$ cat target.csv   # CSV, C-alpha atoms
chain,number,residue,atom,x,y,z
U,1,MET,CA,19.7,10.8,-23.1
U,2,ASN,CA,19.9,7.1,-22.2
U,3,GLN,CA,17.8,4.4,-23.9
U,4,PRO,CA,14.4,4.0,-22.3
U,5,ARG,CA,14.4,1.0,-20.1
U,6,VAL,CA,11.9,-0.9,-18.0
U,7,VAL,CA,12.6,-1.1,-14.2
U,8,GLU,CA,10.9,-3.3,-11.7
U,9,VAL,CA,9.5,-1.1,-8.9
U,10,ARG,CA,7.1,-3.1,-6.7
U,11,ARG,CA,6.0,-0.1,-4.7
U,12,GLN,CA,2.8,0.0,-2.7
U,13,VAL,CA,0.8,3.0,-3.9
U,14,LEU,CA,-0.4,3.9,-0.4
U,15,LYS,CA,3.0,3.3,1.1
U,16,GLU,CA,3.2,6.9,2.4
U,17,ASN,CA,-0.2,6.7,4.1
U,18,ASP,CA,0.6,3.3,5.5
U,19,LEU,CA,3.9,4.5,6.9
U,20,ARG,CA,2.2,7.5,8.5
U,21,ALA,CA,-0.5,5.3,9.9
U,22,ARG,CA,2.1,2.9,11.4
U,23,ARG,CA,3.9,5.8,13.0
U,24,LEU,CA,0.6,7.1,14.5
U,25,ARG,CA,-0.3,3.6,15.8
U,26,GLU,CA,3.1,3.5,17.5
U,27,ARG,CA,2.6,6.9,19.1
U,28,PHE,CA,-0.9,5.9,20.3
U,29,HIS,CA,0.5,2.7,21.8
U,30,ALA,CA,3.4,4.5,23.5
U,31,VAL,CA,1.0,6.8,25.4
U,32,GLY,CA,-1.7,4.2,26.0
U,33,VAL,CA,-4.5,5.8,24.1
U,34,GLN,CA,-7.0,3.5,22.4
U,35,VAL,CA,-8.1,4.9,19.0
U,36,ILE,CA,-11.4,3.9,17.6
U,37,SER,CA,-12.7,5.1,14.2
U,38,LEU,CA,-16.2,5.0,12.9
U,39,VAL,CA,-17.2,4.6,9.2
U,40,SER,CA,-20.6,4.4,7.6
U,41,SER,CA,-22.8,5.9,4.9
U,42,PRO,CA,-24.0,9.5,5.6
U,43,GLY,CA,-26.9,9.4,8.1
U,44,SER,CA,-26.3,6.1,9.8
U,45,GLY,CA,-25.9,7.8,13.1
U,46,LYS,CA,-22.1,8.1,13.7
U,47,THR,CA,-22.4,11.6,15.3
U,48,ALA,CA,-25.5,10.6,17.4
U,49,LEU,CA,-23.6,7.5,18.7
U,50,LEU,CA,-20.5,9.5,19.4
U,51,GLU,CA,-22.4,12.2,21.2
U,52,ARG,CA,-23.8,9.6,23.6
U,53,LEU,CA,-20.6,7.7,23.9
U,54,LEU,CA,-18.5,10.8,24.7
U,55,THR,CA,-21.1,11.9,27.3
U,56,ASP,CA,-21.3,8.5,29.0
U,57,MET,CA,-17.7,7.5,28.8
U,58,LYS,CA,-16.5,10.9,30.0
U,59,ARG,CA,-17.7,10.0,33.5
U,60,LYS,CA,-15.1,7.3,33.9
U,61,TYR,CA,-12.5,7.9,31.2
U,62,ARG,CA,-10.6,10.6,29.5
U,63,VAL,CA,-12.1,10.8,26.0
U,64,ALA,CA,-11.7,13.0,22.9
U,65,ALA,CA,-12.8,13.0,19.3
U,66,LEU,CA,-11.8,14.1,15.8
U,67,VAL,CA,-14.6,14.4,13.3
U,68,GLY,CA,-14.2,14.6,9.5
U,69,ASP,CA,-16.6,16.2,7.0
U,70,LEU,CA,-16.2,17.9,3.7
U,71,ALA,CA,-17.5,21.1,5.1
U,72,THR,CA,-19.1,22.8,8.2
U,73,GLU,CA,-18.3,22.5,11.8
U,74,ASN,CA,-21.8,21.2,12.7
U,75,ASP,CA,-20.7,17.8,13.9
U,76,ALA,CA,-17.9,19.2,16.1
U,77,VAL,CA,-20.4,21.6,17.7
U,78,ARG,CA,-22.7,18.8,18.4
U,79,LEU,CA,-20.0,16.6,19.9
U,80,ALA,CA,-18.5,19.4,21.9
U,81,ARG,CA,-21.7,19.5,23.9
U,82,SER,CA,-20.4,16.4,25.7
U,83,GLY,CA,-17.7,18.5,27.2
U,84,ALA,CA,-15.0,16.4,25.7
U,85,PRO,CA,-12.2,17.9,23.6
U,86,VAL,CA,-13.4,17.8,19.9
U,87,LYS,CA,-11.8,18.9,16.7
U,88,GLN,CA,-13.3,19.2,13.2
U,89,ILE,CA,-11.3,18.1,10.2
U,90,SER,CA,-12.6,19.8,7.1
U,91,THR,CA,-11.5,17.7,4.1
U,92,GLY,CA,-12.7,20.2,1.5
U,93,THR,CA,-13.5,18.0,-1.5
U,94,ILE,CA,-11.9,14.9,-0.3
U,95,CYS,CA,-14.3,12.1,0.5
U,96,HIS,CA,-12.2,10.3,3.3
U,97,LEU,CA,-9.8,11.0,6.1
U,98,ASP,CA,-6.1,10.0,5.6
U,99,ALA,CA,-3.2,9.5,8.1
U,100,ARG,CA,-1.7,12.9,7.3
U,101,MET,CA,-4.9,14.7,8.3
U,102,ILE,CA,-5.0,12.8,11.6
U,103,GLU,CA,-1.3,13.7,12.2
U,104,GLU,CA,-2.0,17.4,11.5
U,105,ALA,CA,-5.1,17.5,13.6
U,106,LEU,CA,-3.2,16.1,16.6
U,107,THR,CA,-0.3,18.5,16.5
U,108,ASP,CA,-1.5,20.6,19.4
U,109,TRP,CA,-3.1,17.8,21.5
U,110,ARG,CA,-1.3,16.0,24.2
U,111,LEU,CA,-2.2,12.3,23.5
U,112,GLU,CA,-1.2,11.2,27.0
U,113,ASN,CA,-4.1,13.1,28.3
U,114,PHE,CA,-6.6,10.6,26.7
U,115,ASP,CA,-7.6,7.0,27.3
U,116,PHE,CA,-9.9,6.9,24.2
U,117,LEU,CA,-9.7,8.9,21.0
U,118,PHE,CA,-12.6,8.5,18.6
U,119,ILE,CA,-12.3,9.4,14.9
U,120,GLU,CA,-15.5,9.9,12.9
U,121,ASN,CA,-14.7,9.5,9.2
U,122,VAL,CA,-16.5,11.2,6.4
U,123,GLY,CA,-19.8,9.5,5.7
U,124,ASN,CA,-18.9,7.2,2.8
U,125,LEU,CA,-18.8,3.4,2.5
U,126,VAL,CA,-16.3,3.3,-0.3
U,127,CYS,CA,-13.3,5.6,-0.1
U,128,PRO,CA,-12.4,5.3,3.6
U,129,SER,CA,-11.6,1.6,3.0
U,130,SER,CA,-8.3,2.3,1.4
U,131,PHE,CA,-6.8,4.6,4.1
U,132,ASP,CA,-5.4,3.3,7.3
U,133,LEU,CA,-5.6,6.0,10.0
U,134,GLY,CA,-3.5,4.2,12.6
U,135,GLU,CA,-6.6,3.3,14.6
U,136,ASN,CA,-6.7,0.2,16.9
U,137,LEU,CA,-10.3,-0.6,16.1
U,138,ARG,CA,-12.5,0.4,13.1
U,139,LEU,CA,-16.3,0.2,13.6
U,140,VAL,CA,-18.6,0.1,10.6
U,141,LEU,CA,-22.1,1.3,11.3
U,142,VAL,CA,-25.2,0.1,9.5
U,143,SER,CA,-28.6,1.5,10.5
U,144,THR,CA,-31.9,-0.3,10.6
U,145,THR,CA,-33.2,2.2,8.0
U,146,GLU,CA,-30.7,1.3,5.4
U,147,GLY,CA,-31.6,-2.1,4.1
U,148,GLU,CA,-30.0,-5.4,4.9
U,149,ASP,CA,-27.9,-5.7,1.8
U,150,LYS,CA,-25.3,-3.0,2.6
U,151,PRO,CA,-22.6,-5.5,3.4
U,152,LEU,CA,-23.1,-7.2,0.0
U,153,LYS,CA,-23.1,-3.8,-1.8
U,154,TYR,CA,-20.0,-2.5,0.0
U,155,PRO,CA,-18.0,-5.6,1.1
U,156,THR,CA,-14.6,-3.9,1.1
U,157,ILE,CA,-15.5,-1.6,4.0
U,158,PHE,CA,-16.7,-4.5,6.0
U,159,ASN,CA,-13.5,-6.3,5.3
U,160,THR,CA,-11.3,-3.4,6.6
U,161,ALA,CA,-13.4,-2.9,9.7
U,162,ASP,CA,-13.1,-4.9,13.0
U,163,VAL,CA,-16.6,-4.6,14.4
U,164,ALA,CA,-20.1,-4.0,12.9
U,165,VAL,CA,-22.5,-1.9,14.8
U,166,ILE,CA,-26.2,-1.9,14.0
U,167,THR,CA,-27.7,1.5,14.9
U,168,LYS,CA,-31.2,2.9,15.3
U,169,MET,CA,-32.5,-0.4,16.8
U,170,ASP,CA,-35.4,1.7,18.2
U,171,LEU,CA,-36.7,2.0,14.6
U,172,ALA,CA,-36.3,-1.7,13.7
U,173,ASP,CA,-40.1,-2.5,14.0
U,174,ALA,CA,-41.2,0.7,12.1
U,175,THR,CA,-38.9,-0.1,9.2
U,176,GLU,CA,-39.6,-3.9,9.3
U,177,PHE,CA,-35.9,-4.4,9.7
U,178,ASP,CA,-34.7,-8.0,9.2
U,179,LEU,CA,-31.9,-8.5,11.7
U,180,LYS,CA,-31.3,-12.1,10.7
U,181,THR,CA,-30.7,-11.2,7.1
U,182,LEU,CA,-28.3,-8.4,7.9
U,183,VAL,CA,-26.3,-10.6,10.3
U,184,GLU,CA,-26.2,-13.3,7.7
U,185,ASN,CA,-25.0,-10.9,5.1
U,186,ILE,CA,-22.3,-9.4,7.4
U,187,HIS,CA,-21.0,-12.9,8.2
U,188,ASN,CA,-21.1,-14.0,4.6
U,189,VAL,CA,-18.8,-11.1,3.7
U,190,ARG,CA,-16.8,-11.3,6.9
U,191,PRO,CA,-17.1,-14.6,8.8
U,192,ARG,CA,-17.3,-14.2,12.6
U,193,MET,CA,-17.2,-10.4,12.6
U,194,PRO,CA,-18.4,-9.2,16.0
U,195,ILE,CA,-21.8,-7.5,15.7
U,196,LEU,CA,-23.3,-5.1,18.3
U,197,GLN,CA,-26.8,-3.7,18.3
U,198,LEU,CA,-27.7,-0.3,19.8
U,199,SER,CA,-29.9,2.8,19.8
U,200,ALA,CA,-28.3,6.1,20.5
U,201,ARG,CA,-31.7,7.5,21.2
U,202,THR,CA,-32.8,5.0,23.9
U,203,GLY,CA,-29.3,4.2,25.1
U,204,ARG,CA,-29.7,0.5,24.4
U,205,GLY,CA,-26.4,-1.3,23.8
U,206,LEU,CA,-24.2,1.7,24.7
U,207,ASP,CA,-22.9,0.2,28.0
U,208,GLU,CA,-22.1,-3.0,26.1
U,209,LEU,CA,-20.2,-1.1,23.5
U,210,ALA,CA,-18.1,0.9,26.0
U,211,GLU,CA,-17.4,-2.4,27.9
U,212,PHE,CA,-16.3,-3.9,24.6
U,213,PHE,CA,-13.8,-1.1,24.0
U,214,VAL,CA,-12.4,-1.5,27.5
U,215,SER,CA,-12.2,-5.3,27.2
U,216,ARG,CA,-10.1,-4.9,24.0
U,217,ARG,CA,-7.4,-2.9,25.7
U,218,THR,CA,-5.5,-5.8,27.1
U,219,GLU,CA,-5.7,-7.6,23.7
U,220,LEU,CA,-4.2,-4.4,22.1
U,221,GLY,CA,-1.4,-4.4,24.6
U,222,LEU,CA,-2.7,-1.2,26.3
U,223,GLN,CA,-3.0,-0.8,30.0
U,224,ALA,CA,-6.3,-2.3,31.4
U,225,MET,CA,-8.8,0.1,33.0
X,1,MET,CA,-14.1,9.4,-6.0
X,2,HIS,CA,-11.0,8.6,-4.0
X,3,GLU,CA,-9.3,7.7,-7.3
X,4,LEU,CA,-7.8,11.2,-7.5
X,5,SER,CA,-6.1,10.7,-4.1
X,6,ILE,CA,-4.9,7.3,-5.3
X,7,ALA,CA,-3.6,8.8,-8.6
X,8,LEU,CA,-1.7,11.6,-6.7
X,9,SER,CA,-0.1,8.9,-4.6
X,10,ILE,CA,0.9,6.9,-7.8
X,11,VAL,CA,2.5,10.1,-9.2
X,12,ASP,CA,4.3,10.9,-5.9
X,13,GLY,CA,5.5,7.3,-5.6
X,14,ALA,CA,6.6,7.2,-9.3
X,15,LEU,CA,8.5,10.5,-9.0
X,16,GLU,CA,10.3,9.3,-5.9
X,17,GLU,CA,11.3,6.1,-7.7
X,18,LEU,CA,12.6,8.2,-10.7
X,19,ARG,CA,14.7,10.3,-8.3
X,20,ARG,CA,16.1,7.3,-6.6
X,21,ARG,CA,17.3,6.0,-10.0
X,22,GLY,CA,18.6,9.3,-11.2
X,23,ALA,CA,16.1,9.3,-14.1
X,24,THR,CA,14.2,12.3,-15.3
X,25,GLU,CA,11.2,10.9,-17.0
X,26,ALA,CA,8.9,7.9,-17.4
X,27,SER,CA,6.8,7.1,-20.4
X,28,THR,CA,4.7,4.3,-18.8
X,29,ILE,CA,3.7,3.2,-15.4
X,30,HIS,CA,2.6,-0.4,-14.9
X,31,LEU,CA,0.2,-0.8,-12.0
X,32,ARG,CA,-1.1,-4.0,-10.4
X,33,LEU,CA,-4.7,-3.5,-9.3
X,34,GLY,CA,-6.6,-6.2,-7.3
X,35,ARG,CA,-10.2,-6.7,-8.2
X,36,LEU,CA,-11.0,-6.1,-4.5
X,37,ALA,CA,-8.9,-2.9,-4.1
X,38,GLY,CA,-12.0,-0.8,-4.4
X,39,VAL,CA,-10.6,1.3,-7.2
X,40,ASP,CA,-12.5,2.1,-10.4
X,41,LYS,CA,-10.2,1.8,-13.4
X,42,GLU,CA,-11.9,4.4,-15.5
X,43,ALA,CA,-12.0,7.0,-12.8
X,44,LEU,CA,-8.3,6.2,-12.0
X,45,GLN,CA,-7.2,6.7,-15.6
X,46,PHE,CA,-9.0,10.0,-15.8
X,47,SER,CA,-7.5,11.1,-12.4
X,48,TYR,CA,-4.1,9.9,-13.4
X,49,ALA,CA,-4.0,12.2,-16.5
X,50,VAL,CA,-5.0,15.1,-14.2
X,51,ALA,CA,-2.5,14.2,-11.4
X,52,CYS,CA,0.4,14.0,-13.9
X,53,GLN,CA,-0.1,17.5,-15.2
X,54,GLU,CA,2.9,19.8,-14.7
X,55,THR,CA,5.1,16.9,-13.5
X,56,PRO,CA,7.8,15.0,-15.3
X,57,LEU,CA,5.1,12.3,-15.8
X,58,ALA,CA,2.8,14.5,-17.9
X,59,GLY,CA,1.6,12.6,-20.9
X,60,SER,CA,2.8,9.2,-19.6
X,61,ARG,CA,0.6,6.1,-19.9
X,62,LEU,CA,-0.8,4.2,-17.0
X,63,ILE,CA,-1.2,0.5,-17.8
X,64,ILE,CA,-3.4,-1.4,-15.3
X,65,GLU,CA,-3.0,-5.1,-14.8
X,66,ASP,CA,-5.9,-6.7,-13.0
X,67,VAL,CA,-5.1,-9.1,-10.2
X,68,ASP,CA,-7.6,-11.9,-9.7
X,69,VAL,CA,-9.0,-12.8,-6.3
X,70,ALA,CA,-7.4,-15.7,-4.5
X,71,ILE,CA,-8.8,-16.8,-1.2
X,72,PHE,CA,-7.7,-19.3,1.5
X,73,CYS,CA,-10.3,-22.1,1.8
X,74,PRO,CA,-10.5,-23.4,5.4
X,75,VAL,CA,-11.9,-26.7,4.2
X,76,CYS,CA,-9.6,-27.5,1.3
X,77,LYS,CA,-6.8,-26.0,3.3
X,78,ASN,CA,-5.5,-24.4,0.1
X,79,GLU,CA,-5.4,-21.2,-1.9
X,80,ARG,CA,-8.1,-21.0,-4.6
X,81,LEU,CA,-8.9,-18.5,-7.3
X,82,THR,CA,-12.5,-17.3,-7.0
X,83,ASN,CA,-15.0,-15.2,-9.0
X,84,SER,CA,-17.7,-15.2,-6.4
X,85,PHE,CA,-18.4,-11.7,-5.4
X,86,PRO,CA,-19.3,-10.1,-3.0
X,87,ILE,CA,-19.5,-13.3,-1.0
X,88,LEU,CA,-16.1,-14.9,-1.3
X,89,ARG,CA,-16.5,-18.7,-1.5
X,90,CYS,CA,-14.2,-21.6,-2.5
X,91,PRO,CA,-15.0,-22.6,-6.1
X,92,ASP,CA,-14.5,-26.2,-5.3
X,93,CYS,CA,-16.3,-26.8,-2.0
X,94,GLY,CA,-18.4,-23.6,-1.6
X,95,ALA,CA,-16.9,-22.8,1.9
X,96,LEU,CA,-16.7,-19.2,2.9
X,97,ALA,CA,-13.2,-17.7,2.5
X,98,GLU,CA,-11.0,-17.4,5.6
X,99,GLY,CA,-8.9,-14.6,4.1
X,100,VAL,CA,-7.9,-12.9,0.9
X,101,VAL,CA,-4.5,-14.0,-0.5
X,102,HIS,CA,-4.6,-11.9,-3.6
X,103,GLY,CA,-6.9,-9.3,-5.0
X,104,GLU,CA,-6.3,-6.3,-2.8
X,105,GLU,CA,-3.1,-5.2,-4.6
X,106,LEU,CA,-2.5,-1.6,-5.4
X,107,GLU,CA,1.1,-1.5,-6.5
X,108,ILE,CA,3.4,0.2,-9.0
X,109,ARG,CA,4.9,-2.9,-10.5
X,110,ALA,CA,7.3,-1.4,-13.1
X,111,MET,CA,8.1,1.8,-14.9
X,112,GLU,CA,9.5,2.5,-18.4
X,113,ILE,CA,12.0,5.3,-17.7
X,114,ALA,CA,14.5,7.4,-19.6
X,115,GLY,CA,17.2,9.9,-18.8

$ encode --input "target.csv" --output "structure tokens"
Amino acid sequence: MNQPRVVEVRRQVLKENDLRARRLRERFHAVGVQVISLVSSPGSGKTALLERLLTDMKRKYRVAALVGDLATENDAVRLARSGAPVKQISTGTICHLDARMIEEALTDWRLENFDFLFIENVGNLVCPSSFDLGENLRLVLVSTTEGEDKPLKYPTIFNTADVAVITKMDLADATEFDLKTLVENIHNVRPRMPILQLSARTGRGLDELAEFFVSRRTELGLQAM
Amino acid sequence: MHELSIALSIVDGALEELRRRGATEASTIHLRLGRLAGVDKEALQFSYAVACQETPLAGSRLIIEDVDVAIFCPVCKNERLTNSFPILRCPDCGALAEGVVHGEELEIRAMEIAG
């Protein structure tokens, strides 16, 4: 056996995931589908928001969704009520989605049939930060019932997301939610991050969110709608 | 606990680097880990030992080198090391960071190999 020796490697640990994500992004771009992922803690309202978005946006656009959970098909069943194509990704014990799971979930879908593809990540504010899914836009959700310091406690996820969405605005008064403090905290962690406010229950802010997605298409180099 | 996924990726990456060099085993992996990478060191060490099992890396050491956080200050127009967390500010003028220059690294820097 040769003498032990030290070799310089300089290899990104998540290189494989990043390569897969890049390939996915190129595929999405080639067929003109805009891919939007949602991350948040469990119970912030990702599924409720998607349920409304799919139902509303389906009237004008071709939409579909992938939804990740450790177990159960409950969320896929809820989202399928919108009539849009929906697929559940069961991660087993894994606390986040990765690019390989997205690739595998998409094998029997024709991406050119969609204008918008939503990906609901596993409810978790830590682990999804490290894994690029090839999405064009990552939304981080914070609900008015969670406390205004979430961005300070979990800054990394705010730094990997593109847009912050404040959900459950219909409960803001009941929970004495302090909008100003949350906005300040978000912008302290991530200066100038776009922030939208909505309520999936009342429908407030949903049209604005859909318009925001559409307006981003040109910027992303996708065909305008 | 995404550290197990990260540890599996370290092992996969290290094994590929071994193959590329025609080597058969490694005694030590040197990892650069940014303080903002969102990876817990203790959980990673534990996961690494598990991820190595039944591979040519079984029993190898993982040495983790911390990478401090450097930001770009929009006021000083320069790179600055900072300890302010979670709000990243310039240590000189207090301005909010415009971007992270260092601190998000998650990289196999070197390996001690044999064979």

$ residues_around --input "target.csv" --residues "Phe131 (chain U)" --least-positions-apart "2" --cutoff "9 Å" --atoms "only C-alpha atoms" --output "PyMOL selection string"
chain U and resi 14+17-18+21+96-99+127-129+133

$ closest_residue --input "target.csv" --among "X:Val67, X:Leu36, X:Glu79, X:Gly22" --to "chain U" --atoms "all atoms listed in the file"
X:Leu36

$ interface_residues --input "target.csv" --of "chain X" --to "chain U" --cutoff "10 Å" --atoms "only C-alpha atoms" --output "ChimeraX atom specification"
/X:1-14,17-18,21,23-32,36-39,85-89,96-100,104-115

$ closest_residue --input "target.csv" --among "U:Ala71, U:Arg138, U:Val165, U:Glu148" --to "Lys180 (chain U)" --atoms "only C-alpha atoms"
U:Glu148

$ residues_near_point --input "target.csv" --point "(-26.7, 8.9, 13.4)" --cutoff "12 Å" --atoms "only C-alpha atoms" --output "PyMOL selection string"
chain U and resi 38-52+75+78+120+123+141-146+165-169+198-201

$ closest_residue --input "target.csv" --among "U:Ile36, U:Met57, U:Val31, U:Leu70" --to "Ala210 (chain U)" --atoms "only C-alpha atoms"
U:Met57

$ atom_distance --input "target.csv" --atom1 "CA of Val77 (chain U)" --atom2 "CA of Val140 (chain U)"
22.7 Å

$ residues_around --input "target.csv" --residues "region 202-207 of chain U" --least-positions-apart "4" --cutoff "8 Å" --atoms "all atoms listed in the file" --output "PDB file with C-alpha atoms, in the frame of the given file"
ATOM      1  CA  ARG U  52     -23.800   9.600  23.600  1.00  0.00           C
ATOM      2  CA  LEU U  53     -20.600   7.700  23.900  1.00  0.00           C
ATOM      3  CA  ASP U 170     -35.400   1.700  18.200  1.00  0.00           C
ATOM      4  CA  LEU U 196     -23.300  -5.100  18.300  1.00  0.00           C
ATOM      5  CA  GLN U 197     -26.800  -3.700  18.300  1.00  0.00           C
ATOM      6  CA  LEU U 198     -27.700  -0.300  19.800  1.00  0.00           C
ATOM      7  CA  GLU U 211     -17.400  -2.400  27.900  1.00  0.00           C
TER       8      GLU U 211
END

$ atom_distance --input "target.csv" --atom1 "CA of Leu117 (chain U)" --atom2 "CA of Asn74 (chain U)"
19.1 Å

$ closest_residue --input "target.csv" --among "X:Ala58, X:Cys90, X:Leu15, X:Ile64" --to "Glu42 (chain X)" --atoms "all atoms listed in the file"
X:Ile64

$ atom_distance --input "target.csv" --atom1 "CA of Ala65 (chain U)" --atom2 "CA of Pro85 (chain U)"
6.5 Å

$ closest_residue --input "target.csv" --among "U:Gly68, U:Gly147, U:Gly92, U:Pro194" --to "Ala161 (chain U)" --atoms "all atoms listed in the file"
U:Pro194
